[in-house]
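Q: The following file, upload-v6.txt, comprises compact mmCIF, C-alpha atoms and all ligand atoms:
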```
# COMPACT_ATOMS: atom_id res chain seq x y z
CA MET L 1 52.34 -62.06 8.02
CA HIS L 2 54.68 -62.50 5.04
CA VAL L 3 53.33 -64.16 1.85
CA ALA L 4 55.29 -65.09 -1.29
CA VAL L 5 53.41 -64.99 -4.57
CA VAL L 6 55.08 -66.92 -7.40
CA GLY L 7 54.11 -65.72 -10.88
CA GLY L 8 53.87 -62.23 -12.29
CA GLY L 9 50.90 -62.77 -14.57
CA ILE L 10 47.55 -61.12 -13.97
CA VAL L 11 46.54 -63.71 -11.34
CA GLY L 12 49.72 -63.37 -9.28
CA VAL L 13 49.89 -59.60 -9.49
CA ALA L 14 46.19 -59.12 -8.65
CA SER L 15 46.63 -61.56 -5.72
CA ALA L 16 49.66 -59.59 -4.52
CA TYR L 17 47.52 -56.46 -4.58
CA GLU L 18 44.57 -58.01 -2.70
CA LEU L 19 46.87 -59.46 -0.04
CA ALA L 20 48.87 -56.25 0.40
CA ALA L 21 45.66 -54.20 0.57
CA ARG L 22 44.66 -56.37 3.55
CA GLY L 23 47.88 -55.48 5.36
CA VAL L 24 49.93 -58.55 4.38
CA ASP L 25 53.67 -58.20 3.74
CA VAL L 26 53.92 -59.51 0.14
CA THR L 27 56.88 -60.47 -2.05
CA LEU L 28 56.06 -61.45 -5.63
CA PHE L 29 58.60 -63.49 -7.59
CA GLU L 30 58.46 -63.49 -11.39
CA ARG L 31 61.11 -65.38 -13.31
CA GLY L 32 61.03 -63.01 -16.31
CA SER L 33 59.10 -59.79 -16.76
CA LEU L 34 55.53 -59.14 -15.63
CA GLY L 35 53.01 -60.50 -18.13
CA ALA L 36 55.60 -62.55 -20.04
CA GLY L 37 53.63 -65.78 -19.58
CA SER L 38 50.10 -65.96 -20.98
CA THR L 39 48.78 -62.62 -19.77
CA ASP L 40 50.29 -60.41 -22.46
CA ARG L 41 48.93 -62.81 -25.11
CA ALA L 42 45.29 -62.69 -24.05
CA LEU L 43 42.66 -61.10 -26.26
CA GLY L 44 41.38 -59.21 -23.23
CA GLY L 45 37.86 -60.60 -23.40
CA ILE L 46 35.68 -60.11 -20.31
CA ARG L 47 32.33 -61.89 -20.38
CA ALA L 48 29.70 -63.40 -18.14
CA GLN L 49 28.41 -65.82 -20.78
CA PHE L 50 29.82 -69.04 -19.34
CA SER L 51 27.99 -72.35 -19.16
CA THR L 52 28.60 -73.15 -15.46
CA ARG L 53 27.37 -71.25 -12.44
CA VAL L 54 30.75 -70.98 -10.75
CA ASN L 55 32.33 -69.41 -13.83
CA VAL L 56 29.42 -66.97 -14.14
CA GLU L 57 29.84 -66.07 -10.46
CA LEU L 58 33.57 -65.51 -10.97
CA SER L 59 32.68 -63.27 -13.92
CA VAL L 60 30.09 -61.25 -12.01
CA ALA L 61 32.49 -60.64 -9.10
CA SER L 62 35.31 -59.79 -11.51
CA ILE L 63 33.22 -57.47 -13.68
CA ASN L 64 32.35 -55.44 -10.56
CA VAL L 65 36.09 -54.83 -10.17
CA TRP L 66 36.73 -54.18 -13.88
CA ASP L 67 33.87 -51.64 -13.87
CA ALA L 68 35.52 -49.69 -11.04
CA PHE L 69 39.12 -50.28 -12.16
CA GLU L 70 39.83 -46.92 -13.74
CA GLU L 71 38.43 -44.96 -10.83
CA ARG L 72 39.99 -47.19 -8.20
CA PHE L 73 43.47 -47.52 -9.67
CA GLY L 74 43.67 -44.42 -11.89
CA VAL L 75 44.56 -46.47 -14.98
CA ASP L 76 42.80 -46.46 -18.35
CA ILE L 77 42.68 -50.11 -19.48
CA ASP L 78 41.12 -49.33 -22.87
CA ARG L 79 37.88 -51.10 -21.98
CA ARG L 80 35.40 -51.41 -24.84
CA HIS L 81 31.82 -52.43 -24.13
CA THR L 82 30.87 -54.11 -27.39
CA GLY L 83 29.18 -57.15 -25.92
CA TYR L 84 29.75 -60.79 -26.90
CA LEU L 85 27.61 -62.61 -29.45
CA PHE L 86 27.57 -66.43 -29.53
CA CYS L 87 25.97 -68.05 -32.59
CA THR L 88 25.06 -71.61 -33.57
CA ARG L 89 23.66 -73.57 -36.51
CA ASP L 90 22.76 -76.52 -34.27
CA PRO L 91 19.28 -76.73 -32.66
CA GLU L 92 20.68 -78.71 -29.70
CA THR L 93 23.25 -76.03 -28.99
CA ALA L 94 20.45 -73.46 -29.32
CA ASP L 95 18.57 -75.30 -26.54
CA ALA L 96 21.73 -75.30 -24.40
CA PHE L 97 22.08 -71.56 -25.08
CA ALA L 98 18.56 -70.97 -23.72
CA GLU L 99 19.37 -72.94 -20.53
CA GLN L 100 22.62 -71.06 -20.06
CA VAL L 101 20.92 -67.69 -20.44
CA ALA L 102 18.32 -68.66 -17.81
CA MET L 103 21.12 -69.60 -15.37
CA GLN L 104 23.11 -66.45 -16.20
CA ASN L 105 20.00 -64.29 -15.65
CA GLU L 106 19.54 -65.94 -12.22
CA CYS L 107 23.06 -64.76 -11.42
CA GLY L 108 22.11 -61.19 -12.39
CA VAL L 109 23.63 -61.21 -15.89
CA ALA L 110 21.79 -59.30 -18.62
CA SER L 111 22.36 -61.91 -21.35
CA ARG L 112 19.56 -62.87 -23.72
CA THR L 113 18.88 -65.22 -26.58
CA VAL L 114 18.67 -63.55 -29.98
CA SER L 115 17.22 -64.60 -33.30
CA PRO L 116 19.51 -64.60 -36.36
CA GLU L 117 17.86 -61.35 -37.48
CA GLU L 118 18.59 -59.65 -34.14
CA ALA L 119 22.14 -61.02 -34.27
CA ALA L 120 22.60 -59.41 -37.69
CA GLU L 121 21.52 -56.05 -36.26
CA LEU L 122 24.29 -56.38 -33.68
CA CYS L 123 26.86 -57.53 -36.22
CA PRO L 124 25.97 -56.24 -39.71
CA GLY L 125 28.46 -58.56 -41.44
CA LEU L 126 27.08 -61.72 -39.83
CA ARG L 127 25.93 -64.45 -42.21
CA ALA L 128 22.68 -64.60 -40.29
CA GLU L 129 21.14 -67.11 -42.71
CA GLU L 130 23.73 -69.65 -41.50
CA PHE L 131 22.57 -69.62 -37.90
CA VAL L 132 19.49 -70.76 -35.97
CA ALA L 133 20.09 -68.85 -32.73
CA GLY L 134 22.46 -66.76 -30.70
CA THR L 135 23.03 -65.27 -27.28
CA TYR L 136 24.16 -61.75 -26.56
CA CYS L 137 25.18 -59.86 -23.46
CA PRO L 138 25.68 -56.11 -23.83
CA ASP L 139 27.80 -55.91 -20.66
CA ASP L 140 30.50 -58.22 -22.02
CA SER L 141 33.57 -56.31 -23.05
CA PHE L 142 37.28 -56.43 -23.61
CA ALA L 143 40.24 -54.51 -22.25
CA ASP L 144 44.00 -54.35 -22.68
CA PRO L 145 45.56 -57.10 -20.49
CA HIS L 146 48.95 -55.39 -20.35
CA LEU L 147 47.50 -52.10 -19.10
CA ALA L 148 45.39 -53.98 -16.54
CA LEU L 149 48.43 -55.90 -15.31
CA GLN L 150 50.45 -52.71 -14.98
CA GLY L 151 47.54 -51.09 -13.12
CA TYR L 152 47.41 -53.94 -10.62
CA ALA L 153 51.22 -53.91 -10.25
CA ARG L 154 51.25 -50.21 -9.48
CA ALA L 155 48.44 -50.62 -6.97
CA ALA L 156 50.23 -53.59 -5.35
CA ARG L 157 53.44 -51.58 -4.99
CA GLY L 158 51.37 -48.70 -3.62
CA GLU L 159 50.15 -51.04 -0.88
CA GLY L 160 53.74 -51.97 -0.06
CA ALA L 161 54.16 -55.20 -2.04
CA GLU L 162 57.65 -55.95 -3.30
CA ILE L 163 57.72 -57.18 -6.91
CA ARG L 164 60.91 -59.02 -7.89
CA THR L 165 61.17 -59.67 -11.63
CA ASN L 166 63.90 -61.85 -13.21
CA THR L 167 63.76 -63.95 -10.05
CA PRO L 168 62.84 -67.59 -10.77
CA VAL L 169 61.68 -69.72 -7.88
CA ALA L 170 63.24 -73.20 -7.90
CA GLY L 171 60.97 -74.66 -5.26
CA LEU L 172 58.41 -74.17 -2.54
CA ARG L 173 59.12 -76.32 0.52
CA PRO L 174 56.34 -76.36 3.09
CA ARG L 175 57.73 -76.62 6.61
CA GLU L 176 56.02 -77.34 9.91
CA SER L 177 55.53 -73.66 10.19
CA GLY L 178 55.68 -71.60 7.01
CA VAL L 179 57.08 -72.26 3.53
CA ARG L 180 60.67 -72.05 2.31
CA VAL L 181 61.00 -70.33 -1.06
CA GLU L 182 64.15 -71.44 -2.91
CA LEU L 183 65.52 -69.04 -5.49
CA THR L 184 67.12 -70.58 -8.60
CA ASP L 185 69.82 -68.02 -9.22
CA ASP L 186 70.88 -67.84 -5.62
CA PRO L 187 71.35 -71.28 -4.01
CA ASP L 188 72.02 -69.65 -0.66
CA GLY L 189 69.11 -67.31 -1.11
CA THR L 190 66.06 -68.82 0.44
CA VAL L 191 63.24 -66.85 1.94
CA THR L 192 60.97 -68.33 4.57
CA VAL L 193 57.45 -66.99 4.52
CA ASP L 194 54.26 -67.73 6.38
CA ALA L 195 52.40 -68.78 3.24
CA ALA L 196 52.93 -68.96 -0.53
CA VAL L 197 50.72 -68.61 -3.60
CA ASN L 198 51.36 -70.74 -6.67
CA ALA L 199 50.18 -68.48 -9.50
CA ALA L 200 52.69 -69.77 -12.05
CA GLY L 201 50.14 -70.32 -14.85
CA ALA L 202 51.11 -73.08 -17.26
CA TRP L 203 54.22 -73.72 -15.13
CA ALA L 204 52.25 -74.18 -11.89
CA PRO L 205 52.47 -78.02 -11.98
CA ARG L 206 56.27 -77.88 -11.81
CA LEU L 207 56.17 -75.64 -8.78
CA ALA L 208 53.49 -77.84 -7.22
CA GLU L 209 55.78 -80.85 -7.56
CA THR L 210 58.45 -79.12 -5.49
CA ALA L 211 55.86 -78.55 -2.76
CA GLY L 212 54.76 -82.19 -2.85
CA TYR L 213 51.48 -82.13 -4.77
CA ASP L 214 50.23 -82.73 -8.31
CA LEU L 215 48.23 -80.39 -10.48
CA PRO L 216 46.26 -81.75 -13.45
CA ILE L 217 47.06 -78.74 -15.64
CA VAL L 218 48.53 -79.03 -19.14
CA PRO L 219 49.69 -76.34 -21.58
CA HIS L 220 47.98 -76.09 -24.96
CA ARG L 221 48.99 -73.61 -27.63
CA ARG L 222 46.40 -71.08 -28.81
CA GLN L 223 46.85 -68.61 -31.64
CA THR L 224 45.59 -65.18 -32.62
CA ALA L 225 45.76 -63.59 -36.07
CA VAL L 226 45.66 -59.86 -36.71
CA VAL L 227 43.84 -59.40 -40.00
CA GLU L 228 42.86 -56.64 -42.38
CA PRO L 229 39.46 -57.89 -43.50
CA GLU L 230 38.20 -57.36 -47.01
CA ARG L 231 35.37 -55.32 -45.47
CA PRO L 232 36.31 -53.34 -42.34
CA VAL L 233 34.84 -54.70 -39.09
CA PRO L 234 33.00 -51.80 -37.38
CA GLU L 235 34.44 -50.94 -33.98
CA SER L 236 30.95 -51.22 -32.53
CA ASP L 237 30.67 -54.92 -33.50
CA PRO L 238 30.54 -57.40 -30.62
CA LEU L 239 33.11 -60.11 -30.09
CA VAL L 240 31.53 -62.86 -32.19
CA ILE L 241 31.98 -66.55 -31.38
CA ASP L 242 30.83 -69.23 -33.78
CA ALA L 243 30.07 -71.87 -31.16
CA ASP L 244 30.05 -74.66 -33.78
CA THR L 245 33.63 -74.13 -34.97
CA THR L 246 35.14 -72.02 -32.10
CA ALA L 247 36.09 -69.37 -34.70
CA HIS L 248 35.89 -65.95 -33.11
CA PHE L 249 36.78 -62.40 -33.98
CA ARG L 250 36.67 -58.99 -32.42
CA PRO L 251 37.12 -55.53 -33.87
CA GLU L 252 40.45 -53.79 -33.47
CA ARG L 253 41.01 -50.21 -34.52
CA ASP L 254 40.82 -48.99 -38.15
CA GLY L 255 38.67 -51.85 -39.43
CA ARG L 256 41.16 -54.54 -38.45
CA ALA L 257 40.13 -57.60 -36.47
CA LEU L 258 41.69 -60.15 -34.16
CA VAL L 259 40.73 -63.67 -35.18
CA GLY L 260 41.12 -66.86 -33.13
CA GLY L 261 39.82 -70.36 -32.71
CA HIS L 262 41.03 -73.90 -32.43
CA PHE L 263 40.25 -76.24 -35.32
CA GLY L 264 40.70 -79.92 -36.01
CA GLY L 265 41.21 -82.74 -33.55
CA ARG L 266 44.95 -82.33 -33.02
CA ASP L 267 45.65 -80.45 -29.83
CA PRO L 268 48.93 -81.73 -28.40
CA VAL L 269 50.20 -80.84 -24.97
CA VAL L 270 53.20 -78.58 -25.63
CA ASP L 271 56.40 -77.88 -23.74
CA ALA L 272 55.66 -74.62 -21.96
CA ASP L 273 59.29 -73.53 -22.39
CA ARG L 274 59.63 -74.48 -26.04
CA PHE L 275 56.75 -73.64 -28.32
CA SER L 276 56.42 -71.40 -31.35
CA GLU L 277 55.14 -67.96 -30.39
CA THR L 278 54.21 -67.02 -33.96
CA PRO L 279 51.01 -68.35 -35.50
CA ASP L 280 51.20 -71.11 -38.12
CA THR L 281 50.34 -69.86 -41.61
CA ASP L 282 48.00 -72.77 -42.35
CA TRP L 283 46.20 -72.17 -39.06
CA ALA L 284 45.82 -68.45 -39.83
CA VAL L 285 44.43 -69.18 -43.30
CA GLU L 286 41.90 -71.60 -41.79
CA ALA L 287 41.00 -69.16 -38.99
CA VAL L 288 40.18 -66.47 -41.55
CA GLU L 289 38.15 -68.96 -43.63
CA ARG L 290 36.17 -70.06 -40.58
CA ALA L 291 35.59 -66.46 -39.54
CA GLY L 292 34.43 -65.91 -43.12
CA ASP L 293 31.90 -68.73 -42.70
CA ALA L 294 30.38 -66.70 -39.86
CA ALA L 295 30.65 -63.16 -41.24
CA ASP L 296 31.18 -61.72 -44.70
CA TYR L 297 33.90 -59.28 -43.61
CA PHE L 298 36.54 -61.92 -44.31
CA GLY L 299 36.38 -62.36 -48.10
CA PRO L 300 39.28 -63.53 -50.31
CA GLU L 301 40.97 -60.12 -50.23
CA THR L 302 41.48 -60.36 -46.45
CA ARG L 303 45.16 -59.83 -45.50
CA LEU L 304 47.07 -61.34 -42.61
CA ALA L 305 48.86 -58.57 -40.74
CA GLY L 306 50.50 -60.49 -37.89
CA GLY L 307 49.60 -62.44 -34.82
CA TRP L 308 50.95 -64.42 -31.92
CA ALA L 309 50.61 -67.69 -30.04
CA GLY L 310 50.50 -68.33 -26.31
CA LEU L 311 49.44 -70.93 -23.80
CA TYR L 312 46.15 -71.96 -22.28
CA ALA L 313 46.77 -73.72 -18.94
CA VAL L 314 44.05 -76.36 -19.21
CA THR L 315 42.37 -78.56 -16.58
CA PRO L 316 40.17 -81.56 -17.48
CA ASP L 317 36.95 -79.59 -16.86
CA HIS L 318 38.11 -76.14 -18.02
CA HIS L 319 37.69 -74.69 -14.54
CA ALA L 320 40.57 -73.18 -12.63
CA ILE L 321 42.07 -74.78 -9.53
CA VAL L 322 41.83 -72.34 -6.62
CA GLU L 323 42.47 -73.95 -3.25
CA GLU L 324 44.88 -74.40 -0.38
CA SER L 325 46.71 -77.38 -1.88
CA VAL L 326 48.97 -78.27 1.02
CA PRO L 327 49.20 -76.41 4.31
CA GLY L 328 50.59 -72.95 3.60
CA VAL L 329 50.44 -73.16 -0.21
CA VAL L 330 47.46 -71.71 -2.07
CA THR L 331 47.14 -72.52 -5.79
CA ALA L 332 45.42 -70.28 -8.35
CA ALA L 333 46.09 -71.70 -11.82
CA GLY L 334 44.61 -73.60 -14.76
CA PHE L 335 42.37 -70.89 -16.17
CA SER L 336 42.17 -72.21 -19.71
CA GLY L 337 41.07 -69.20 -21.84
CA HIS L 338 39.54 -67.12 -19.08
CA GLY L 339 42.27 -66.25 -16.58
CA PHE L 340 42.60 -62.63 -17.54
CA GLN L 341 38.96 -61.80 -16.94
CA HIS L 342 38.62 -63.92 -13.78
CA ALA L 343 41.76 -62.53 -12.11
CA PRO L 344 40.00 -59.91 -9.94
CA ALA L 345 37.64 -62.39 -8.25
CA THR L 346 40.38 -65.02 -8.06
CA ALA L 347 42.71 -62.59 -6.31
CA THR L 348 40.06 -61.88 -3.69
CA ILE L 349 39.51 -65.61 -3.16
CA VAL L 350 43.27 -66.13 -2.81
CA ALA L 351 43.48 -63.41 -0.14
CA GLU L 352 40.50 -64.96 1.69
CA LEU L 353 42.01 -68.45 1.54
CA VAL L 354 45.34 -67.20 2.88
CA LEU L 355 43.86 -65.05 5.64
CA ASP L 356 40.57 -66.76 6.55
CA GLY L 357 41.07 -70.33 5.33
CA GLU L 358 37.91 -70.14 3.18
CA SER L 359 36.46 -67.88 0.52
CA SER L 360 33.39 -65.75 1.01
CA THR L 361 33.28 -63.58 -2.15
CA VAL L 362 32.47 -66.52 -4.40
CA ASP L 363 31.84 -70.08 -3.22
CA ALA L 364 35.12 -71.57 -4.46
CA SER L 365 34.65 -74.90 -2.69
CA GLY L 366 34.10 -76.59 -6.07
CA LEU L 367 37.41 -75.34 -7.45
CA GLY L 368 39.63 -77.67 -5.41
CA ARG L 369 41.46 -80.43 -7.27
CA GLU L 370 39.78 -83.18 -5.25
CA ARG L 371 36.83 -82.70 -7.66
CA PHE L 372 38.77 -84.78 -10.20
CA GLU L 373 38.65 -87.79 -7.88
CA HIS L 374 34.87 -87.98 -8.41
CA GLY L 375 34.99 -86.85 -12.05
CA ASP L 376 31.31 -85.97 -12.27
CA GLY L 377 31.44 -82.21 -11.84
CA PRO L 378 30.33 -79.64 -14.42
CA VAL L 379 32.48 -79.03 -17.50
CA GLU L 380 32.73 -75.53 -18.93
CA ARG L 381 31.46 -75.67 -22.52
CA ASN L 382 31.89 -72.06 -23.62
CA VAL L 383 35.59 -72.25 -24.36
CA ALA L 384 37.15 -71.08 -27.58
C1 LIG W 1 45.80 -66.51 -27.54
C2 LIG W 1 45.19 -66.35 -26.16
C3 LIG W 1 44.03 -65.59 -26.01
C4 LIG W 1 43.47 -65.45 -24.72
N1 LIG W 1 42.36 -64.65 -24.58
C5 LIG W 1 41.82 -64.47 -23.36
C6 LIG W 1 40.69 -63.62 -23.19
O1 LIG W 1 40.17 -63.04 -24.14
N2 LIG W 1 40.18 -63.47 -21.92
C7 LIG W 1 40.72 -64.12 -20.85
O2 LIG W 1 40.20 -63.97 -19.74
N3 LIG W 1 41.80 -64.91 -20.99
C8 LIG W 1 42.36 -65.11 -22.22
N4 LIG W 1 43.45 -65.93 -22.36
C9 LIG W 1 43.91 -66.70 -21.18
C10 LIG W 1 44.76 -65.82 -20.29
O3 LIG W 1 45.84 -65.29 -21.02
C11 LIG W 1 45.29 -66.64 -19.12
O4 LIG W 1 44.27 -67.44 -18.56
C12 LIG W 1 45.85 -65.73 -18.04
O5 LIG W 1 46.77 -64.82 -18.57
C13 LIG W 1 46.48 -66.56 -16.94
O6 LIG W 1 47.16 -65.67 -16.07
P1 LIG W 1 48.14 -66.26 -14.98
O7 LIG W 1 48.61 -65.12 -14.17
O8 LIG W 1 47.50 -67.43 -14.34
O9 LIG W 1 49.33 -66.91 -15.86
P2 LIG W 1 50.54 -66.22 -16.64
O10 LIG W 1 50.18 -64.92 -17.24
O11 LIG W 1 51.09 -67.28 -17.56
O12 LIG W 1 51.57 -65.92 -15.48
C14 LIG W 1 52.32 -66.91 -14.84
C15 LIG W 1 53.70 -66.32 -14.60
O13 LIG W 1 54.44 -67.19 -13.75
C16 LIG W 1 55.79 -67.07 -14.10
N5 LIG W 1 56.49 -68.23 -13.56
C17 LIG W 1 56.34 -69.52 -13.91
N6 LIG W 1 57.13 -70.31 -13.17
C18 LIG W 1 57.80 -69.49 -12.32
C19 LIG W 1 58.78 -69.72 -11.32
N7 LIG W 1 59.22 -70.95 -11.04
N8 LIG W 1 59.30 -68.66 -10.66
C20 LIG W 1 58.86 -67.40 -10.90
N9 LIG W 1 57.94 -67.13 -11.88
C21 LIG W 1 57.41 -68.15 -12.56
C22 LIG W 1 55.76 -67.01 -15.61
O14 LIG W 1 56.93 -66.44 -16.14
C23 LIG W 1 54.51 -66.17 -15.87
O15 LIG W 1 54.81 -64.80 -16.06
C24 LIG W 1 44.05 -66.08 -23.61
C25 LIG W 1 45.23 -66.82 -23.76
C26 LIG W 1 45.80 -66.95 -25.03
C27 LIG W 1 47.05 -67.76 -25.17
```
So, in terms of structure tokens, how does the structure I just supplied come out?

A:
Amino acid sequence: MHVAVVGGGIVGVASAYELAARGVDVTLFERGSLGAGSTDRALGGIRAQFSTRVNVELSVASINVWDAFEERFGVDIDRRHTGYLFCTRDPETADAFAEQVAMQNECGVASRTVSPEEAAELCPGLRAEEFVAGTYCPDDSFADPHLALQGYARAARGEGAEIRTNTPVAGLRPRESGVRVELTDDPDGTVTVDAAVNAAGAWAPRLAETAGYDLPIVPHRRQTAVVEPERPVPESDPLVIDADTTAHFRPERDGRALVGGHFGGRDPVVDADRFSETPDTDWAVEAVERAGDAADYFGPETRLAGGWAGLYAVTPDHHAIVEESVPGVVTAAGFSGHGFQHAPATATIVAELVLDGESSTVDASGLGRERFEHGDGPVERNVA
């Protein structure tokens, strides 16, 4: 069996690996270089603290892979187990936190609610007096997305997958039997495969159109600032998310921090091929101020030391679309802000959908796009 994977981000490359490891002949097509889409712009966060069961299940299955990654693939992905700490000032959100923790615990996740005092023990700079409650999971972590992507790529090649970079795909044309892959730079160069995977991230809707289906996925710009805080952020601090403002920060090396968040109502859909990849100065100033509302590391002497902007590929309910969309074409896209961490489980589901027609690792039946026809499914709330 020959399968074409389109997209050399973490989802496509991990899928190429899982397929090749099951004996499939895989060719991956990436229009630029591996990771050049959203993957190399991710913060690398890996957490199980989601608000919906399916996202928690994707996390649990993925974390099993991340935990074994170094041993399995021989690659150090700079994983740091600092935990994630969510905090809120709002009693209603605190109640929702308690419900989420109960559901996460049912799924085997070691998250717990914490009082402001306990939260301050975890993050000494936290303005604990601001908050009424928090949740913490010690097993949440972060890793280097680029190293992880390279690890998967090496493993995929080791299993015999062919990875073709600088090779844009112009279209996927399902045929009675198999799928024709049309290559942009080579009008005569088409490849016919038995099945194809649309893992083109924020660009997946365009590819879907060529195959005759629609994907409700839109690109939104998200920014990260690298800052030198007035007071160094200890490397042992968790990744802190102020759930009321979406401001979040995590320790880097040498007291620096990465700060993110999305503020204000304006959140236009952007052109995925034409957006600014550097953070806006006014956004960065606000991000530092909001982080400063949550923790006293970020006083007036805090310096901006850089940053970047990338794309979230967003669906209406902040869950990915993972399904066989039309016969022979499996889609895995629309991961909002959690595609890096969910790539291992997603890749397994993709391989199962291609080979078995249904997934068994995680029940992915709710991740098909027909859910939007009913419009009453769960919405992921823990997005930053
Ligand atoms: C600022 C920021 C912070 C983030 N932080 C986190 C985090 O902490 N944790 C987390 O889990 N996620 C995070 N994310 C989200 C994460 O980056 C994405 O969900 C994830 O990278 C999606 O991977 P992907 O493989 O689906 O897409 P991508 O990495 O975008 O890969 C898609 C690839 O397809 C290629 N492509 C598109 N069209 C074609 C075509 N026609 N032919 C060939 N190739 C094509 C593109 O060039 C691209 O390389 C963050 C994102 C941003 C922007």

Q: May I have the residues within 6 Å of ligand LIG 1 (chain W), computed using all atoms listed in the file, as a PDB file with C-alpha atoms, in the frame of the given file?

A:
```pdb
ATOM      1  CA  VAL L   6      55.080 -66.920  -7.400  1.00  0.00           C
ATOM      2  CA  GLY L   7      54.110 -65.720 -10.880  1.00  0.00           C
ATOM      3  CA  GLY L   8      53.870 -62.230 -12.290  1.00  0.00           C
ATOM      4  CA  GLY L   9      50.900 -62.770 -14.570  1.00  0.00           C
ATOM      5  CA  ILE L  10      47.550 -61.120 -13.970  1.00  0.00           C
ATOM      6  CA  VAL L  11      46.540 -63.710 -11.340  1.00  0.00           C
ATOM      7  CA  GLY L  12      49.720 -63.370  -9.280  1.00  0.00           C
ATOM      8  CA  PHE L  29      58.600 -63.490  -7.590  1.00  0.00           C
ATOM      9  CA  GLU L  30      58.460 -63.490 -11.390  1.00  0.00           C
ATOM     10  CA  ARG L  31      61.110 -65.380 -13.310  1.00  0.00           C
ATOM     11  CA  GLY L  32      61.030 -63.010 -16.310  1.00  0.00           C
ATOM     12  CA  LEU L  34      55.530 -59.140 -15.630  1.00  0.00           C
ATOM     13  CA  GLY L  35      53.010 -60.500 -18.130  1.00  0.00           C
ATOM     14  CA  ALA L  36      55.600 -62.550 -20.040  1.00  0.00           C
ATOM     15  CA  GLY L  37      53.630 -65.780 -19.580  1.00  0.00           C
ATOM     16  CA  SER L  38      50.100 -65.960 -20.980  1.00  0.00           C
ATOM     17  CA  THR L  39      48.780 -62.620 -19.770  1.00  0.00           C
ATOM     18  CA  ARG L  41      48.930 -62.810 -25.110  1.00  0.00           C
ATOM     19  CA  ALA L  42      45.290 -62.690 -24.050  1.00  0.00           C
ATOM     20  CA  LEU L  43      42.660 -61.100 -26.260  1.00  0.00           C
ATOM     21  CA  GLY L  44      41.380 -59.210 -23.230  1.00  0.00           C
ATOM     22  CA  GLY L  45      37.860 -60.600 -23.400  1.00  0.00           C
ATOM     23  CA  ILE L  46      35.680 -60.110 -20.310  1.00  0.00           C
ATOM     24  CA  PRO L 168      62.840 -67.590 -10.770  1.00  0.00           C
ATOM     25  CA  VAL L 169      61.680 -69.720  -7.880  1.00  0.00           C
ATOM     26  CA  ALA L 170      63.240 -73.200  -7.900  1.00  0.00           C
ATOM     27  CA  ALA L 199      50.180 -68.480  -9.500  1.00  0.00           C
ATOM     28  CA  ALA L 200      52.690 -69.770 -12.050  1.00  0.00           C
ATOM     29  CA  GLY L 201      50.140 -70.320 -14.850  1.00  0.00           C
ATOM     30  CA  ALA L 202      51.110 -73.080 -17.260  1.00  0.00           C
ATOM     31  CA  TRP L 203      54.220 -73.720 -15.130  1.00  0.00           C
ATOM     32  CA  ARG L 222      46.400 -71.080 -28.810  1.00  0.00           C
ATOM     33  CA  GLN L 223      46.850 -68.610 -31.640  1.00  0.00           C
ATOM     34  CA  THR L 224      45.590 -65.180 -32.620  1.00  0.00           C
ATOM     35  CA  ALA L 309      50.610 -67.690 -30.040  1.00  0.00           C
ATOM     36  CA  GLY L 310      50.500 -68.330 -26.310  1.00  0.00           C
ATOM     37  CA  LEU L 311      49.440 -70.930 -23.800  1.00  0.00           C
ATOM     38  CA  TYR L 312      46.150 -71.960 -22.280  1.00  0.00           C
ATOM     39  CA  ALA L 333      46.090 -71.700 -11.820  1.00  0.00           C
ATOM     40  CA  PHE L 335      42.370 -70.890 -16.170  1.00  0.00           C
ATOM     41  CA  SER L 336      42.170 -72.210 -19.710  1.00  0.00           C
ATOM     42  CA  GLY L 337      41.070 -69.200 -21.840  1.00  0.00           C
ATOM     43  CA  HIS L 338      39.540 -67.120 -19.080  1.00  0.00           C
ATOM     44  CA  GLY L 339      42.270 -66.250 -16.580  1.00  0.00           C
ATOM     45  CA  PHE L 340      42.600 -62.630 -17.540  1.00  0.00           C
ATOM     46  CA  GLN L 341      38.960 -61.800 -16.940  1.00  0.00           C
TER      47      GLN L 341
END
```

Q: Please indicate the distance in Å from CA of Val269 (chain L) to CA of Leu172 (chain L), rounded to one decimal place.

A: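 That distance, rounded to one decimal, is 24.8 Å.
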
Q: Taking only C-alpha atoms into account, which of L:Gly171, L:Gly299, L:Gly306, L:Gly264 comes nearest Ala284 (chain L)?

A: L:Gly306

Q: Which is closer to Thr361 (chain L) than all the others in L:Ser62, L:Val227, L:Arg53, L:His2, using only C-alpha atoms?

A: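 Among L:Ser62, L:Val227, L:Arg53, L:His2, it is L:Ser62 that comes nearest to Thr361 (chain L).
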
Q: Rank L:His318, L:Arg173, L:Arg72, L:Arg112 by their smallest atom-to-atom distance to Gly151 (chain L), using all atoms listed in the file, and report the top residue only.

A: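 Using all atoms listed in the file, the shortest distance to Gly151 (chain L) belongs to L:Arg72.
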
Q: Which residue out of L:Val270, L:Ile241, L:Val354, L:Met1 has the minimum interatomic distance to His220 (chain L) when only C-alpha atoms are used?

A: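 Checking each candidate against His220 (chain L), we get L:Val270 as the closest.
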
Q: Which residues, written as an MDAnalysis selection string, have at least one atom at most 10 Å from Phe131 (chain L), with only C-alpha atoms counted and residues fewer than 6 positions away on the same chain left out?

A: chainID L and resid 87:91 94 115:117 119 242 244 294

Q: How many Å lie between CA of Arg47 (chain L) and CA of His342 (chain L), rounded to one decimal?

A: 9.3 Å
